[in-house]
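Q: My structure is below; once you've seen it, I'll send some questions.
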Amino acid sequence: MQASFLSSAAQTLAELARRIGPVRLMEVCGTHTVSIFRSGLRSLLPENVVLLSGPGCPVCVTDQADVDQAIAAASLPGVTLCSYGDMLRVPGRGGSLREAAGRGGDVRVVMSAMDVIPLALNEPRREFVFFAVGFETTTPQTALLLQEAKRLGVGNVSVLVEHKRVLPALELLAQDPLTGVKGFLLPGHVSSIIGLEPYGILAEKYRLACAVGGFEGEQILLALCALLSQAVRGEPRVVNAYPSGVRDRGNPRARALIDECFTPCDSVWRGLGSIPQSGLKLRAPYACCDARAKLDLPSAVSAPIPGCRCGEVLRGRLAPPQCALFGKVCTPQEPVGPCMVSSEGSCGAWYRYGRRGGRL
């Protein structure tokens, strides 16, 4: 970051902070979490401003039971489970997808949902299941996969849908007295899809400051200044502090893709429980691609991981170093909980960068 900008932004933050009492803000994006650590932004925050890390990592919030169903699919004869790489080490009750592969399951890493199509065309006698994980950012890719499979008549492609919708989770956190958040640093990638309008309820109903931020240190500082400015004035609203990456209306074409293939449903988030209308399920024209029904996958039940406090971390109630497992038996090399698995998980970020200006 440029020294002159850094000095000016830090001074602005300090001046705003002097005009308010203690305030707790939350970033809701794993990329923000990592960038904040890498740039040392926490060390610039005034003492009365606390920045929490929320449930912004899709790998972290995918429920244990859903991981177990993916493992069950990968273990079936004639079935290939395709997944983004971060999901392979996420713990379920039955181990992880990487361990399932070690036991003979067919698990393949893909960079995009569309990578599944050529795999399925090349092996028409195998069923290729895409483990569809992610927020609104990656959901359009899954919709494109479904549309392309239908257009080409590829009948050996199905989807294990675990996409999440961000706003219902933010409403849950807005009502959590133990978190006590007063403003959200909103996710830039998700906002590029859904735009600003959906967040209006956070400002209007819950009286929370909101600002969409970019991912460079300077952009995050601008968004934090916008949040503190709202807190000082007592006028919560939704501010677009990332106009180069986010349009107010988002991406209408991407939203249309999502709406064509999916409809909202209740969904279980690891650590947060079942959140109404926070997930997605396939609409009727694509229901034949539902891997759960197509493969008759067994139901699974989540069980707490002994000693793991990822749920409290995802809610912003606990900083990762306050978990007794952190850095001892739970490390990025040997993760116990999901927040240590992903490069964008809160625990993983604290472990890698926490000594560079991390603050409880």
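Identifiers in the structure tokens: chain A, B, ... in order shown; residue index from 1 per chain; ligand index from 1 in order shown.
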I want to know what sits within 6 Å of A:Gly30, based on only C-alpha atoms, with residues of the same chain fewer than 6 positions away left out; could you give that as a VMD selection string?
A: chain A and resid 56 to 57 344
Q: With only C-alpha atoms as the counted atoms, please give the residues lying no more than 8 Å from A:Asn240, apart from itself and same-chain residues fewer than 5 positions off, as a PDB file with C-alpha atoms, in the first residue's frame.
A:
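Final file, result.pdb:
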```
ATOM      1  CA  LEU A 196     -26.603  -4.119  -3.682  1.00  0.00           C
ATOM      2  CA  ALA A 211     -20.226  -1.537   2.586  1.00  0.00           C
ATOM      3  CA  VAL A 212     -19.082  -3.670  -0.341  1.00  0.00           C
ATOM      4  CA  GLY A 213     -15.292  -3.712  -0.501  1.00  0.00           C
ATOM      5  CA  VAL A 246     -19.484  -4.363  -8.455  1.00  0.00           C
ATOM      6  CA  ASP A 248     -25.379  -1.699  -8.177  1.00  0.00           C
TER       7      ASP A 248
END
```
Q: From the list A:Leu295, A:Ser39, A:Leu44, A:Gly279, which residue is nearest A:Val157 when using only C-alpha atoms?
A: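 Between A:Leu295, A:Ser39, A:Leu44, A:Gly279, the residue approaching A:Val157 most closely is A:Leu295.
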Q: Going by DSSP on the backbone, which bits of stretch 45-260 of chain A are strand (DSSP E or B)? Write them as a PyMOL selection string, please.
A: chain A and resi 49-53+62+79-83+92+95+106-109+127-134+157-164+183-186+209-212+238-240
Q: Could you check which of A:Arg237, A:Gly188, A:Pro252, A:Asp86 is closest to A:Lys205, using only C-alpha atoms?
A: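 Under the stated criterion, the closest residue is A:Arg237.
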Q: Just checking: using only C-alpha atoms, which residue out of A:Asp115, A:Leu318, A:Gly348, A:Leu178 ends up closest to A:Cys330?
A: A:Gly348
Q: Can you write out as a tab-separated table which residues of stretch 187-277 of chain A fall within 7 Å of stretch 302-317 of chain A, alongside each residue's closest atom pair and its distance in Å to one decimal, counting only C-alpha atoms and ordering rows by chain and ascending residue number?
A:
```
residue	atom	partner	partner_atom	distance
A:Arg270	CA	A:Gly311	CA	6.6
A:Gly271	CA	A:Gly311	CA	3.5
A:Leu272	CA	A:Gly311	CA	6.3
```
Q: For the selection you just gave me, I'd like the residues written to a file as a PDB file, in the first residue's frame, keeping C-alpha atoms.
A:
```
ATOM      1  CA  ARG A 270     -21.759 -26.166   9.546  1.00  0.00           C
ATOM      2  CA  GLY A 271     -21.652 -24.354  12.870  1.00  0.00           C
ATOM      3  CA  LEU A 272     -24.744 -22.246  12.142  1.00  0.00           C
TER       4      LEU A 272
END
```
